[in-house]
There are 2 protein chains.
Amino acid sequence: MRLTTKGRFAVTAMIDVAMHSTNGPVTLAAVSERQRISLSYLEQLFGKLRRSGLVDSVRGPGGGYHLARASSQLSVAQIIVAVDEPIDATQCGGLENCHDDRRCMTHELWAGLNNHIFSFLSGVSLAQLVAQQDQKAAIAARIDTRQAPAGTTPCKVPVTAAV
Amino acid sequence: MRLTTKGRFAVTAMIDVAMHSTNGPVTLAAVSERQRISLSYLEQLFGKLRRSGLVDSVRGPGGGYHLARASSQLSVAQIIVAVDEPIDATQCGGLENCHDDRRCMTHELWAGLNNHIFSFLSGVSLAQLVAQQDQKAAIAARIDTRQAPAGTTPCKVPVTAAV
DNA sequence: GTTTAGTTGACTAATTTGTTCGGGTATACG
DNA sequence: CGTATACCCGAACAAATTAGTCAACTAAAC
């Protein structure tokens with residue numbers, strides 16, 4: 001389980017697809033324009049997402065991508081695993097040359113921590129992120145039109161410093 | 001919050017220090033030898049760990065590094081943040097040029113997910129990992145001394161598929 | 001004063017990231 | 001038909017990051 005900008009771009013793009021697939025497939029050109037990600041990079045990412053069975057593609061005019069499953073059935077972990085090919089921080093690579101106890105430490109350790117992080121991100125569905133995003137968009141719209149009802153905390157979503 | 005092999009090396013090294021600091025500071029040379037991490041790379045990592053206040057250094061003969069706090073008070077998140085400098089996947093960099101609603105999406109989204117992952121890893125202390133490691137070492141030692149019982153596979157800890 | 005070991009900085013190879021380019025192929029539509 | 005759309009594919013590429021090397025320095029123990 002690696003966590004880099006690559007996986008983040010993939011998740012972002014998937015959210016974009018989820019939010020715009022109400023009427024037909026979403027083209028990568030549209031995602032590229034909206035999310036400011038280069039088209040070719042998106043093609044690479046969606047090639048992996050497609051081969052992993054997370055999205056389906058429709059070729060030809062009017063084509064594009066749509067989610068292969070309901071957004072509630074797609075987890076962040078699946079997306080990240082699909083695009084961020086796994087790498088292990090072990091020297092032995094989990095092979096037979098770990099006679100010495102110590103050399104196995106990294107491997108066992110990270111396998112465990114991997115599990116934790118993986119299962120955590122498996123519990124976060126695309127639907128949740130979309131809902132979160134929709135909510136913010138709604139708040140923003142309400143602020144724009146200055147119709148914030150009493151009792152609501154406008155834009156009070158605490159965006160923490162980038163960690 | 002990035003999650004790469006760099007942070008994993010740092011955590012591995014910190015566990016090694018935690019496990020061997022019973023009698024005096026631990027030298028990086030020893031960590032390097034045990035964990036098969038290059039000495040100079042460790043020097044870079046521990047430079048950051050020291051500047052982040054996670055370890056203290058003792059110079060001269062008999063010197064080395066030791067944890068600045070009890071291992072139960074040191075979280076994985078702190079270690080990773082110390083060595084894996086933050087990067088944001090946003091185009092606007094959280095600046096003022098995100099007039100368009102869409103361009104802020106990545107930023108808000110990952111800030112939230114960052115929080116989740118960060119708080120999760122903040123809850124994992126070095127002490128926990130050490131305990132987990134000690135437990136495995138004890139099992140391994142038992143296997144070593146008592147001629148492995150039938151059915152056990154030495155050094156074949158059920159390593160989950162690398163994610 | 002010599003040895004140990006941290007401290008620093010510069011430098012390098014390998015890998016990853018993100019992009020650009022240049023071609024393909026399937027299909028809707030006129 | 002043909003053509004435009006949009007997926008598909010691969011190669012080449014600069015930039016950043018990762019991992020490691022080298023060399024010189026400082027503080028402290030003996």
# chains A, B, ... in the order shown; residues from 1 in each chain; ligands from 1
$ residues_around --residues "DC29 in chain C" --least-positions-apart "3" --cutoff "10 Å" --atoms "only C-alpha atoms (C1' of nucleotides)" --output "PyMOL selection string"
(chain A and resi 61) or (chain D and resi 3-4)
$ interface_residues --of "chain B" --to "chain C" --cutoff "12 Å" --atoms "only C-alpha atoms (C1' of nucleotides)" --output "VMD selection string"
chain B and resid 4 25 to 30 39 to 40 42 to 44 46 to 48 50 to 51 56 to 65 89
$ atom_distance --atom1 "CA of Thr5 in chain A" --atom2 "CA of Gly112 in chain B"
14.8 Å
$ interface_residues --of "chain D" --to "chain B" --cutoff "7 Å" --atoms "only C-alpha atoms (C1' of nucleotides)" --output "number ranges by chain"
D: 19-20, 27-29
$ atom_distance --atom1 "CA of Ser125 in chain A" --atom2 "CA of Gln73 in chain A"
6.6 Å
$ atom_distance --atom1 "CA of Ala127 in chain A" --atom2 "CA of Ile139 in chain A"
18.2 Å
$ residues_around --residues "range 12-18 of chain B" --least-positions-apart "3" --cutoff "9 Å" --atoms "only C-alpha atoms (C1' of nucleotides)" --output "NGL selection string"
(:A and (105-106 or 109-110)) or (:B and (7-9 or 21-22 or 25-28 or 31-32 or 34-35 or 37 or 42 or 46 or 55 or 65-67 or 70-71 or 79 or 126-127 or 129-130 or 133))
$ write_last_selection --atoms "C-alpha atoms" --output "compact mmCIF listing (two decimals), in the first residue's frame"
# COMPACT_ATOMS: atom_id res chain seq x y z
CA MET A 105 11.42 -7.82 10.48
CA THR A 106 10.63 -5.19 7.91
CA LEU A 109 6.08 -5.38 10.19
CA TRP A 110 4.86 -3.73 7.05
CA GLY B 7 8.92 6.29 5.86
CA ARG B 8 8.99 2.54 6.23
CA PHE B 9 12.75 2.51 6.53
CA SER B 21 18.39 0.78 23.53
CA THR B 22 18.25 -1.14 26.79
CA PRO B 25 22.54 4.57 22.79
CA VAL B 26 22.31 2.60 19.56
CA THR B 27 24.75 3.37 16.80
CA LEU B 28 23.56 3.77 13.27
CA VAL B 31 21.12 -0.48 12.82
CA SER B 32 22.59 -0.47 9.36
CA ARG B 34 20.93 -5.41 11.37
CA GLN B 35 18.37 -3.86 9.07
CA ILE B 37 19.94 -0.11 5.38
CA LEU B 42 20.23 6.24 7.97
CA PHE B 46 18.04 10.27 11.67
CA VAL B 55 15.37 10.96 18.93
CA TYR B 65 20.81 7.52 19.21
CA HIS B 66 18.04 6.86 21.65
CA LEU B 67 14.37 7.67 21.64
CA ALA B 70 8.95 6.49 25.64
CA SER B 71 8.13 4.27 22.69
CA ILE B 79 8.02 9.26 12.28
CA LEU B 126 6.17 2.42 18.39
CA ALA B 127 5.64 0.41 21.56
CA LEU B 129 5.04 -2.42 16.95
CA VAL B 130 7.89 -3.41 19.21
CA GLN B 133 7.91 -7.78 16.97
$ select_by_dssp --residues "range 2-89 of chain B" --states "strand (DSSP E or B)" --output "JSON, numbers by chain"
{"B": [3, 26, 55, 56, 57, 58, 64, 65, 66, 67, 75]}
